[in-house]
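To start, the structure under review is shown below, and the notes come after it.
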Amino acid sequence: MLGFEDSGKLMNLLKAGEERTVEEIVADFDSNFPRRLHFYACSALDYLTSEEKVLIPNQRLIAFAVLHQAYASQQLSSNPFVTKLIDAACDEEAEKYERAFILQLLASSNTPNSKEFLKQSAADYMKNYDPSSHSFPQREILEQQYCGVVHPEPFKCLFKDNAVKNVIPDPDVPRGCNSNSLEFDAPPGVISKLGSGNRDETLAGLLSGLSLEGLSPQWIRPFPPRLPVMEGELSWLNPDTNHELIWDYGMCADTSRGAAVRDLIAKALKGPLVPVQQEQVLVELANDPKLVYHCGLTPKKLPELVENNPMIAVEVLIKLVNSPEISEYFTVLVNMEMSLHSMEVVNRLTTTIELPTEFLHTYISNCISACQGIKDRYMQNRLVRLVCVFLQSLIRNKIINVHDIFIEVQAFCIEFSRIREAAGLFRLLKTLE
């Protein structure tokens, strides 16, 4: 937590307990250790005071004073070491002057003017200590007064209780220690096979290797099994970089045919093409069926092509039968206004490709509705004849199952029985009934 240099500074402060006052030593602590190092330095003092024989008595008093005064600007209950101070004040095996000193430190938090005892050295405090002038309250009273919480029993941390300090006693060294000696006699909790060197230097070296982690039990977890390596899974480690050049045969190709077809389709949307132009479109589409995807025809434009050039419309729809958009073209075709050209297109498609059954039934229903909705008697008779011829062709070629639309077609024939073609269609239905 602390480097060797900072640990040496801390030990020098503890050594000055005989010549300098406690107040001066605490002020030196604040000047030598910035705020960010206060916790680490106080943790080191907490460790040093946890063993009775590590520090000589006046050094212990200095350490407790620093633990308290380092957080004097805050409330005492927020001091992370307040429990340590209360434990030390209630330790009946400790010296009474030490317990009295800690009690005065705790009391000075509530009465700031009662810090006169800090204006003397630690050695003088021990000499002038009068046992009869101090009483030692119970732990519960101190906890209630300075922590605000009474713990019925000491707090125990599961991980801390199962861990040991990372500095442990040497079983080969006797546990005895002369607290007045300047030599470091290996108190409990300290490894001391470092010879009889300087006590402070040894403690500084000890603190520089100290951490809060301790030697906790290792929670052994088995490594998870690896998944089996599949064939080719690690092929990316050695990628195949032997690439071959592939010639683009469409590069620099003659695109004039595609441009010509686009121009002719654009004209076909506006009016009928002359036979030569019509033949050119059909030949180009026969030679290269993929031209249909680049001719500029969209589903929205299909009705114009059907009315002006039904033969080209048939050829285009045949080439688009495998396109993902063919359903959109059929939807437009079945919903467009009924006419001779649209029936011609549908009739030619039925003999060339397999149209969806739902499409045919919907188209037939639209034809019947169109006949019923015409007010002009002449145009109505003409369209009825066309529809009847169209239905007879579908029935005779077995393109539709007449039983699926029998009732609707029969009603149509009865409604227009005055027309010869309707009567003929009715007789055909009777033969199939």
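Following the order of the structure tokens, chains are lettered A, B, ..., residues in each are numbered from 1, and ligands are numbered from 1.
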
Problem set entry | Selection near region 73-77 of chain A, 10 Å with only C-alpha atoms, sequence-local residues under 4 positions removed, as a list in words | His68, Gln69, Phe81, Val82, Thr83, Leu106, Ser109, Asn110, Glu143, Gln145, Tyr146, Cys147, Gly148 and Val149 of chain A

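For Ser7 (chain A), the set of protein, DNA and RNA residues having any atom at most 7 Å away, when counting only C-alpha atoms and skipping those fewer than 4 positions along the same chain, is A:Leu2, A:Gly3, A:Met11, A:Ala204, A:Leu207, A:Ser208.
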
Exercise. Which residue out of A:Gln277, A:Thr298, A:Gln138, A:Thr21 has the minimum interatomic distance to Glu92 (chain A) when only C-alpha atoms are used?
Worked result: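 Of all the options, A:Gln138 lies closest to Glu92 (chain A).
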
Problem set entry | Non-local contacts of Phe33 (chain A) (12 Å; only C-alpha atoms; under 4 positions in same chain excluded) as JSON, numbers by chain | {"A": [2, 5, 6, 7, 8, 9, 10, 13, 26, 27, 28, 29, 37, 38, 39, 40, 41, 42, 66, 70]}

Exercise. Distance CA of Val314 (chain A)-CA of Asn381 (chain A), one decimal place?
Worked result: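 Computing the Euclidean distance for CA of Val314 (chain A) and CA of Asn381 (chain A) yields 26.4 Å.
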
For this session: Find the residues around Thr362 (chain A) up to 10 Å (only C-alpha atoms counted), leave out those fewer than 3 positions away in its own chain, and share them as a PyMOL selection string.
Result: chain A and resi 331+334-335+357-359+365-367

Problem set entry | From A:Val346, A:Leu333, A:Val409, A:Val261, residue lying nearest Met311 (chain A) [only C-alpha atoms] | A:Val346

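Closest approach to Ile364 (chain A) among A:Glu315, A:Asp404, A:Asp248, A:Asp263: A:Asp404, based on only C-alpha atoms.
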
Exercise. Mind pulling up the distance from CA of Val281 (chain A) to CA of Lys267 (chain A)?
Worked result: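 If I compute the distance from CA of Lys267 (chain A) to CA of Val281 (chain A), I get 11.3 Å.
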
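By only C-alpha atoms, and with residues fewer than 5 positions from Asp91 (chain A) along its chain excluded, the set lying at most 12 Å from it is Ser50, Glu52, Lys84, Leu85, Ile86, Lys96, Tyr97, Glu98, Arg99, Ala100, Ile102, Leu103, Phe136, Pro137, Gln138 and Arg139 of chain A.
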
Problem set entry | Pick from A:Ala286, A:Ala123, A:Cys90, A:Val384, whichever lies nearest to Ile56 (chain A) using only C-alpha atoms | A:Ala123
